[in-house]
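Novice: Have a peek at target-v6.cif (mmCIF, C-alpha atoms and all ligand atoms).
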```cif
data_upload
#
loop_
_atom_site.group_PDB
_atom_site.id
_atom_site.type_symbol
_atom_site.label_atom_id
_atom_site.label_comp_id
_atom_site.auth_asym_id
_atom_site.auth_seq_id
_atom_site.Cartn_x
_atom_site.Cartn_y
_atom_site.Cartn_z
ATOM 1 C CA MET Y 1 -5.764 16.294 -7.675
ATOM 2 C CA LYS Y 2 -2.420 18.054 -7.724
ATOM 3 C CA ARG Y 3 0.449 17.064 -5.476
ATOM 4 C CA LYS Y 4 0.354 20.287 -3.455
ATOM 5 C CA GLU Y 5 -3.302 19.801 -2.647
ATOM 6 C CA ALA Y 6 -2.724 16.135 -1.744
ATOM 7 C CA LEU Y 7 0.114 17.101 0.609
ATOM 8 C CA LYS Y 8 -2.161 19.652 2.258
ATOM 9 C CA VAL Y 9 -5.075 17.261 2.908
ATOM 10 C CA ALA Y 10 -2.727 14.514 4.125
ATOM 11 C CA ALA Y 11 -0.872 16.911 6.439
ATOM 12 C CA GLU Y 12 -4.169 18.144 7.899
ATOM 13 C CA LYS Y 13 -5.583 14.681 8.445
ATOM 14 C CA LEU Y 14 -2.637 12.607 9.673
ATOM 15 C CA PRO Y 15 -0.348 12.749 12.717
ATOM 16 C CA LYS Y 16 3.009 14.293 11.811
ATOM 17 C CA LYS Y 17 5.004 11.027 11.850
ATOM 18 C CA ARG Y 18 2.497 9.294 9.586
ATOM 19 C CA PHE Y 19 2.426 12.256 7.231
ATOM 20 C CA LYS Y 20 6.226 12.201 7.000
ATOM 21 C CA HIS Y 21 6.069 8.473 6.175
ATOM 22 C CA CYS Y 22 3.567 9.228 3.379
ATOM 23 C CA GLN Y 23 5.877 11.906 1.983
ATOM 24 C CA ARG Y 24 8.814 9.471 1.974
ATOM 25 C CA VAL Y 25 6.696 6.782 0.285
ATOM 26 C CA ALA Y 26 5.687 9.376 -2.350
ATOM 27 C CA GLU Y 27 9.315 10.352 -2.986
ATOM 28 C CA THR Y 28 10.449 6.709 -3.106
ATOM 29 C CA ALA Y 29 7.567 5.821 -5.444
ATOM 30 C CA GLU Y 30 8.324 8.772 -7.710
ATOM 31 C CA GLU Y 31 11.948 7.680 -8.023
ATOM 32 C CA MET Y 32 10.927 4.060 -8.639
ATOM 33 C CA ALA Y 33 8.458 5.193 -11.330
ATOM 34 C CA GLU Y 34 11.337 6.803 -13.196
ATOM 35 C CA MET Y 35 13.364 3.584 -12.916
ATOM 36 C CA PHE Y 36 10.522 1.355 -14.084
ATOM 37 C CA ASN Y 37 9.015 3.656 -16.728
ATOM 38 C CA ALA Y 38 5.793 4.330 -14.864
ATOM 39 C CA ASP Y 39 3.957 7.636 -14.362
ATOM 40 C CA SER Y 40 5.889 9.455 -11.625
ATOM 41 C CA SER Y 41 3.129 12.007 -10.924
ATOM 42 C CA LYS Y 42 0.611 9.248 -10.292
ATOM 43 C CA ALA Y 43 3.184 7.440 -8.142
ATOM 44 C CA TYR Y 44 3.754 10.544 -6.011
ATOM 45 C CA LEU Y 45 0.019 11.183 -5.598
ATOM 46 C CA ALA Y 46 -0.748 7.586 -4.584
ATOM 47 C CA GLY Y 47 2.193 7.663 -2.157
ATOM 48 C CA VAL Y 48 0.983 10.806 -0.406
ATOM 49 C CA LEU Y 49 -2.557 9.457 -0.020
ATOM 50 C CA HIS Y 50 -1.964 5.731 0.622
ATOM 51 C CA ASP Y 51 -2.354 5.875 4.429
ATOM 52 C CA TYR Y 52 -5.005 8.611 4.441
ATOM 53 C CA SER Y 53 -7.517 6.415 6.341
ATOM 54 C CA LYS Y 54 -5.071 4.693 8.708
ATOM 55 C CA TYR Y 55 -6.638 6.228 11.836
ATOM 56 C CA ASP Y 56 -10.272 6.405 10.740
ATOM 57 C CA ASP Y 57 -12.999 5.297 13.124
ATOM 58 C CA LEU Y 58 -13.428 1.516 12.745
ATOM 59 C CA ALA Y 59 -17.237 1.547 12.930
ATOM 60 C CA LYS Y 60 -17.338 4.110 10.117
ATOM 61 C CA MET Y 61 -14.911 1.997 8.100
ATOM 62 C CA TYR Y 62 -17.239 -0.999 8.426
ATOM 63 C CA GLN Y 63 -20.174 1.195 7.314
ATOM 64 C CA THR Y 64 -18.190 2.217 4.237
ATOM 65 C CA VAL Y 65 -17.403 -1.441 3.443
ATOM 66 C CA SER Y 66 -21.160 -2.116 3.371
ATOM 67 C CA SER Y 67 -22.339 1.095 1.683
ATOM 68 C CA GLU Y 68 -19.669 0.908 -1.045
ATOM 69 C CA GLY Y 69 -20.031 -2.833 -1.584
ATOM 70 C CA LEU Y 70 -16.397 -3.588 -0.733
ATOM 71 C CA ASP Y 71 -15.231 -7.173 -0.067
ATOM 72 C CA PRO Y 72 -17.362 -8.351 2.919
ATOM 73 C CA GLU Y 73 -14.391 -10.329 4.209
ATOM 74 C CA LEU Y 74 -12.873 -6.975 5.205
ATOM 75 C CA LEU Y 75 -15.366 -6.940 8.092
ATOM 76 C CA GLU Y 76 -13.248 -9.633 9.767
ATOM 77 C CA TYR Y 77 -10.249 -7.254 9.982
ATOM 78 C CA LYS Y 78 -9.316 -3.946 11.559
ATOM 79 C CA SER Y 79 -7.754 -0.754 10.236
ATOM 80 C CA GLU Y 80 -4.464 -2.577 9.475
ATOM 81 C CA VAL Y 81 -6.134 -4.346 6.540
ATOM 82 C CA LEU Y 82 -9.039 -1.913 5.907
ATOM 83 C CA HIS Y 83 -7.260 1.408 5.589
ATOM 84 C CA GLY Y 84 -6.130 0.953 1.973
ATOM 85 C CA PRO Y 85 -9.523 0.036 0.486
ATOM 86 C CA ILE Y 86 -11.210 2.733 2.608
ATOM 87 C CA ALA Y 87 -8.677 5.406 1.603
ATOM 88 C CA ALA Y 88 -9.274 4.622 -2.084
ATOM 89 C CA VAL Y 89 -13.032 5.150 -1.645
ATOM 90 C CA LYS Y 90 -12.481 8.351 0.306
ATOM 91 C CA VAL Y 91 -10.048 10.070 -2.023
ATOM 92 C CA LYS Y 92 -12.363 9.210 -4.899
ATOM 93 C CA ASN Y 93 -15.527 10.518 -3.224
ATOM 94 C CA LYS Y 94 -14.024 13.412 -1.255
ATOM 95 C CA PHE Y 95 -11.338 14.733 -3.596
ATOM 96 C CA GLY Y 96 -12.539 13.438 -6.969
ATOM 97 C CA VAL Y 97 -9.454 11.319 -7.636
ATOM 98 C CA SER Y 98 -10.670 9.172 -10.529
ATOM 99 C CA ASP Y 99 -7.491 7.625 -11.939
ATOM 100 C CA ILE Y 100 -7.975 3.879 -11.632
ATOM 101 C CA ASP Y 101 -4.229 3.176 -11.338
ATOM 102 C CA VAL Y 102 -3.910 5.568 -8.399
ATOM 103 C CA LEU Y 103 -7.040 4.200 -6.709
ATOM 104 C CA LYS Y 104 -5.920 0.578 -7.092
ATOM 105 C CA ALA Y 105 -2.430 1.379 -5.815
ATOM 106 C CA ILE Y 106 -3.919 2.962 -2.689
ATOM 107 C CA SER Y 107 -6.472 0.184 -2.235
ATOM 108 C CA ASN Y 108 -3.995 -2.715 -2.507
ATOM 109 C CA HIS Y 109 -0.975 -1.185 -0.771
ATOM 110 C CA THR Y 110 -1.228 -3.387 2.355
ATOM 111 C CA SER Y 111 -2.264 -6.810 1.036
ATOM 112 C CA GLY Y 112 -0.974 -6.642 -2.478
ATOM 113 C CA ALA Y 113 -3.016 -8.621 -4.991
ATOM 114 C CA LYS Y 114 -2.526 -10.937 -7.926
ATOM 115 C CA GLN Y 115 -1.805 -9.382 -11.338
ATOM 116 C CA MET Y 116 -0.987 -5.931 -10.012
ATOM 117 C CA GLY Y 117 -0.284 -3.067 -12.391
ATOM 118 C CA ILE Y 118 3.060 -1.258 -12.302
ATOM 119 C CA LEU Y 119 1.789 1.547 -10.059
ATOM 120 C CA GLU Y 120 0.283 -0.900 -7.561
ATOM 121 C CA LYS Y 121 3.567 -2.769 -7.318
ATOM 122 C CA ILE Y 122 5.535 0.449 -6.898
ATOM 123 C CA ILE Y 123 3.400 1.711 -3.990
ATOM 124 C CA PHE Y 124 3.356 -1.718 -2.344
ATOM 125 C CA VAL Y 125 7.155 -1.890 -2.473
ATOM 126 C CA ALA Y 126 7.846 1.802 -1.723
ATOM 127 C CA ASP Y 127 5.787 1.502 1.479
ATOM 128 C CA TYR Y 128 8.137 -1.277 2.602
ATOM 129 C CA ILE Y 129 11.488 0.240 1.583
ATOM 130 C CA GLU Y 130 11.075 4.006 2.163
ATOM 131 C CA PRO Y 131 14.320 5.338 3.684
ATOM 132 C CA GLU Y 132 13.247 5.313 7.353
ATOM 133 C CA ARG Y 133 12.122 1.682 7.284
ATOM 134 C CA SER Y 134 14.581 -0.472 9.214
ATOM 135 C CA GLN Y 135 12.873 -3.862 9.583
ATOM 136 C CA PRO Y 136 15.206 -6.892 9.357
ATOM 137 C CA GLY Y 137 15.883 -7.809 5.736
ATOM 138 C CA VAL Y 138 14.766 -4.494 4.257
ATOM 139 C CA ASP Y 139 18.189 -4.018 2.634
ATOM 140 C CA ASP Y 140 17.755 -7.318 0.767
ATOM 141 C CA ILE Y 141 14.546 -5.887 -0.719
ATOM 142 C CA ARG Y 142 16.342 -2.613 -1.618
ATOM 143 C CA THR Y 143 18.964 -4.670 -3.469
ATOM 144 C CA ILE Y 144 16.256 -6.533 -5.412
ATOM 145 C CA VAL Y 145 14.695 -3.176 -6.400
ATOM 146 C CA TYR Y 146 17.698 -0.927 -7.051
ATOM 147 C CA GLU Y 147 20.306 -3.442 -8.256
ATOM 148 C CA GLU Y 148 18.390 -6.384 -9.697
ATOM 149 C CA LYS Y 149 15.544 -4.051 -10.769
ATOM 150 C CA ASN Y 150 13.071 -6.914 -10.318
ATOM 151 C CA LEU Y 151 9.752 -5.579 -8.979
ATOM 152 C CA ASP Y 152 7.912 -8.912 -9.075
ATOM 153 C CA LYS Y 153 10.656 -10.541 -7.013
ATOM 154 C CA ALA Y 154 10.466 -7.661 -4.507
ATOM 155 C CA VAL Y 155 6.677 -8.019 -4.210
ATOM 156 C CA TYR Y 156 7.104 -11.748 -3.537
ATOM 157 C CA ALA Y 157 9.875 -11.273 -0.956
ATOM 158 C CA ILE Y 158 7.891 -8.602 0.904
ATOM 159 C CA THR Y 159 4.689 -10.656 0.915
ATOM 160 C CA LYS Y 160 6.562 -13.715 2.154
ATOM 161 C CA ARG Y 161 8.106 -11.712 5.015
ATOM 162 C CA ASN Y 162 4.768 -10.106 5.888
ATOM 163 C CA ILE Y 163 3.042 -13.480 6.062
ATOM 164 C CA GLN Y 164 5.857 -15.038 8.106
ATOM 165 C CA HIS Y 165 5.618 -12.118 10.525
ATOM 166 C CA LEU Y 166 1.803 -12.358 10.751
ATOM 167 C CA LEU Y 167 1.898 -16.138 11.342
ATOM 168 C CA ASN Y 168 4.440 -15.682 14.141
ATOM 169 C CA LYS Y 169 1.831 -13.502 15.830
ATOM 170 C CA ASP Y 170 -1.057 -15.918 15.050
ATOM 171 C CA GLN Y 171 -2.749 -13.303 12.875
ATOM 172 C CA THR Y 172 -5.314 -14.162 10.207
ATOM 173 C CA ILE Y 173 -4.089 -13.801 6.627
ATOM 174 C CA TYR Y 174 -6.408 -11.826 4.316
ATOM 175 C CA HIS Y 175 -7.173 -13.735 1.103
ATOM 176 C CA LYS Y 176 -5.625 -11.070 -1.157
ATOM 177 C CA THR Y 177 -2.340 -11.316 0.775
ATOM 178 C CA LEU Y 178 -2.256 -15.066 0.062
ATOM 179 C CA GLU Y 179 -3.249 -14.563 -3.571
ATOM 180 C CA CYS Y 180 -0.418 -12.067 -3.895
ATOM 181 C CA LEU Y 181 2.070 -14.577 -2.431
ATOM 182 C CA ASN Y 182 1.007 -17.375 -4.779
ATOM 183 C CA TYR Y 183 0.826 -15.211 -7.881
ATOM 184 C CA TYR Y 184 4.250 -13.568 -7.406
ATOM 185 C CA ASN Y 185 5.856 -16.846 -6.409
ATOM 186 C CA MET Y 186 5.102 -17.924 -9.999
ATOM 187 C CA ALA Y 187 5.727 -14.506 -11.606
ATOM 188 C CA LYS Y 188 9.039 -13.670 -9.916
ATOM 189 C CA GLU Y 189 11.322 -15.239 -12.518
HETATM 190 O O1 LIG Y 201 0.229 1.358 6.943
HETATM 191 P P1 LIG Y 201 1.695 0.983 7.077
HETATM 192 O O2 LIG Y 201 2.101 0.798 8.503
HETATM 193 O O3 LIG Y 201 2.613 1.947 6.372
HETATM 194 O O4 LIG Y 201 1.918 -0.446 6.360
HETATM 195 P P2 LIG Y 201 0.903 -1.458 5.666
HETATM 196 O O5 LIG Y 201 -0.329 -0.753 5.235
HETATM 197 O O6 LIG Y 201 1.681 -2.163 4.609
HETATM 198 O O7 LIG Y 201 0.569 -2.550 6.775
HETATM 199 C C1 LIG Y 201 -0.234 -2.295 7.878
HETATM 200 C C2 LIG Y 201 -0.367 -3.535 8.741
HETATM 201 O O8 LIG Y 201 -1.185 -4.493 8.098
HETATM 202 C C3 LIG Y 201 0.923 -4.246 9.081
HETATM 203 O O9 LIG Y 201 1.129 -4.126 10.478
HETATM 204 C C4 LIG Y 201 0.693 -5.689 8.747
HETATM 205 C C5 LIG Y 201 -0.787 -5.770 8.540
HETATM 206 N N1 LIG Y 201 -1.212 -6.764 7.534
HETATM 207 C C6 LIG Y 201 -0.812 -6.855 6.240
HETATM 208 N N2 LIG Y 201 -1.400 -7.911 5.630
HETATM 209 C C7 LIG Y 201 -2.212 -8.487 6.558
HETATM 210 C C8 LIG Y 201 -2.091 -7.755 7.767
HETATM 211 N N3 LIG Y 201 -2.748 -8.081 8.899
HETATM 212 C C9 LIG Y 201 -3.544 -9.178 8.863
HETATM 213 N N4 LIG Y 201 -4.184 -9.548 9.964
HETATM 214 N N5 LIG Y 201 -3.695 -9.934 7.742
HETATM 215 C C10 LIG Y 201 -3.064 -9.645 6.558
HETATM 216 O O10 LIG Y 201 -3.222 -10.361 5.555
HETATM 217 FE FE FE Y 202 -0.673 1.413 5.070
HETATM 218 FE FE FE Y 203 2.912 -2.211 2.924
HETATM 219 FE FE FE Y 204 2.320 3.189 4.649
#
```
What's the structure tokens form of this structure?

Specialist:
Amino acid sequence: MKRKEALKVAAEKLPKKRFKHCQRVAETAEEMAEMFNADSSKAYLAGVLHDYSKYDDLAKMYQTVSSEGLDPELLEYKSEVLHGPIAAVKVKNKFGVSDIDVLKAISNHTSGAKQMGILEKIIFVADYIEPERSQPGVDDIRTIVYEEKNLDKAVYAITKRNIQHLLNKDQTIYHKTLECLNYYNMAKE
């Protein structure tokens, strides 16, 4: 799938604000790919499509989890945790995106995972630091990325903040989020 086509399907499917976020993630990911010697075209494509399923019908998402044999534990969560894995299935089946790096980056963009590839890490981080993000501490993450150039440390810092935030709201932590925390705690230096 070419970037123009991806932009078109994302723009048609998503509310304007969400689409704009996807565009900014794509641009941030493209720039990061150049910094970290990854494939910038793949980074842009994964960025545009990462939130494609954010507003899908939850019952249909659960059906897809079953029919595609996705992690059954996903059934205990809502779109917040499901939309990455579901988007990966959809862009593969609907648009023929077959690149495994792109599909994994889309699938794991919310939880992260252990032993992520470069593209997965880039999308995970770009989603958190795209220019309109203003959550407390985001500038510390930008410094880790753009000055220290340490992606593993950024993944760890983001995952730690996400988990702290989720625990403050008594949310359940998905196992891949925890695996990501533990793995990048060891990998970060
Ligand atoms: O889709 P975005 O808003 O751009 O961002 P995202 O996909 O990174 O995160 C979506 C939401 O998912 C965010 O509000 C936090 C939530 N989330 C991330 N990890 C977990 C989680 N929610 C639960 N319950 N458990 C998790 O492990
Ligand atoms: Fe998302
Ligand atoms: Fe994220
Ligand atoms: Fe996003």

Novice: State, in Å with one decimal place, the distance from CA of Lys169 in chain Y to CA of Leu74 in chain Y.

Specialist: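 CA of Leu74 in chain Y lies 19.3 Å from CA of Lys169 in chain Y.
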
Novice: Find the distance between CA of Gly117 in chain Y and CA of Glu189 in chain Y and write it in Å to one decimal.

Specialist: 16.8 Å

Novice: List all protein, DNA and RNA residues that have an atom no more than 7 Å from any atom of ligand FE 204 (chain Y), counting only C-alpha atoms and all ligand atoms, and report them as a PDB file with C-alpha atoms, in the frame of the given file.

Specialist:
```pdb
ATOM      1  CA  HIS Y  21       6.069   8.473   6.175  1.00  0.00           C
ATOM      2  CA  CYS Y  22       3.567   9.228   3.379  1.00  0.00           C
ATOM      3  CA  HIS Y  50      -1.964   5.731   0.622  1.00  0.00           C
ATOM      4  CA  ASP Y  51      -2.354   5.875   4.429  1.00  0.00           C
ATOM      5  CA  ASP Y 127       5.787   1.502   1.479  1.00  0.00           C
TER       6      ASP Y 127
END
```

Novice: Go through the chains and note each residue within 6 Å of ligand FE 203 (chain Y), using all atoms listed in the file, then give the set as a PyMOL selection string.

Specialist: chain Y and resi 109-110+124+127-128

Novice: Create the file for the chosen residues now, containing C-alpha atoms and written as a PDB file, keeping the file's coordinate frame.

Specialist:
```pdb
ATOM      1  CA  HIS Y 109      -0.975  -1.185  -0.771  1.00  0.00           C
ATOM      2  CA  THR Y 110      -1.228  -3.387   2.355  1.00  0.00           C
ATOM      3  CA  PHE Y 124       3.356  -1.718  -2.344  1.00  0.00           C
ATOM      4  CA  ASP Y 127       5.787   1.502   1.479  1.00  0.00           C
ATOM      5  CA  TYR Y 128       8.137  -1.277   2.602  1.00  0.00           C
TER       6      TYR Y 128
END
```

Novice: Just so the selection is clear, what residues does the PyMOL selection byres (((chain Y and resi 33) around 12) and not hetatm) cover here, as a short mmCIF file (atom, residue, chain, number, x, y, z; two decimals) with C-alpha atoms, keeping the file's coordinate frame?

Specialist:
```cif
data_model
loop_
_atom_site.label_atom_id
_atom_site.label_comp_id
_atom_site.auth_asym_id
_atom_site.auth_seq_id
_atom_site.Cartn_x
_atom_site.Cartn_y
_atom_site.Cartn_z
CA VAL Y 25 6.70 6.78 0.28
CA ALA Y 26 5.69 9.38 -2.35
CA GLU Y 27 9.32 10.35 -2.99
CA THR Y 28 10.45 6.71 -3.11
CA ALA Y 29 7.57 5.82 -5.44
CA GLU Y 30 8.32 8.77 -7.71
CA GLU Y 31 11.95 7.68 -8.02
CA MET Y 32 10.93 4.06 -8.64
CA GLU Y 34 11.34 6.80 -13.20
CA MET Y 35 13.36 3.58 -12.92
CA PHE Y 36 10.52 1.36 -14.08
CA ASN Y 37 9.02 3.66 -16.73
CA ALA Y 38 5.79 4.33 -14.86
CA ASP Y 39 3.96 7.64 -14.36
CA SER Y 40 5.89 9.46 -11.62
CA SER Y 41 3.13 12.01 -10.92
CA LYS Y 42 0.61 9.25 -10.29
CA ALA Y 43 3.18 7.44 -8.14
CA TYR Y 44 3.75 10.54 -6.01
CA LEU Y 45 0.02 11.18 -5.60
CA ALA Y 46 -0.75 7.59 -4.58
CA GLY Y 47 2.19 7.66 -2.16
CA ILE Y 118 3.06 -1.26 -12.30
CA LEU Y 119 1.79 1.55 -10.06
CA GLU Y 120 0.28 -0.90 -7.56
CA LYS Y 121 3.57 -2.77 -7.32
CA ILE Y 122 5.54 0.45 -6.90
CA ILE Y 123 3.40 1.71 -3.99
CA VAL Y 125 7.16 -1.89 -2.47
CA ALA Y 126 7.85 1.80 -1.72
CA VAL Y 145 14.70 -3.18 -6.40
CA TYR Y 146 17.70 -0.93 -7.05
CA LYS Y 149 15.54 -4.05 -10.77
CA LEU Y 151 9.75 -5.58 -8.98
#
```

Novice: Interatomic distance between CA of Gln171 in chain Y and CA of Ile141 in chain Y?

Specialist: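 It comes out at 23.2 Å.
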
Novice: Do a neighbour search on Glu5 in chain Y at 12 Å with all atoms listed in the file, toss out local chain neighbours closer than 2 positions, and write the hits as a list in words.

Specialist: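 Non-adjacent residues within range: Met1, Lys2, Arg3, Leu7, Lys8, Val9, Ala10, Ala11, Glu12, Leu45, Val48, Leu49, Val91, Phe95 and Val97 of chain Y.
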
Novice: Step by step, work through what the PyMOL selection byres (((chain Y and resi 161) around 12) and not hetatm) selects in the shown file, and finish by giving those residues as a PyMOL selection string.

Specialist: chain Y and resi 128+135-138+140-141+154-160+162-168+177-178+181

Novice: Box in all listed atoms of range 107-118 of chain Y, axis-aligned, with 8 Å more on each side; write out centre and edge lengths in Å to one decimal as JSON.

Specialist:
```
{"center_x": -1.7, "center_y": -5.4, "center_z": -5.0, "size_x": 25.5, "size_y": 27.1, "size_z": 30.7}
```
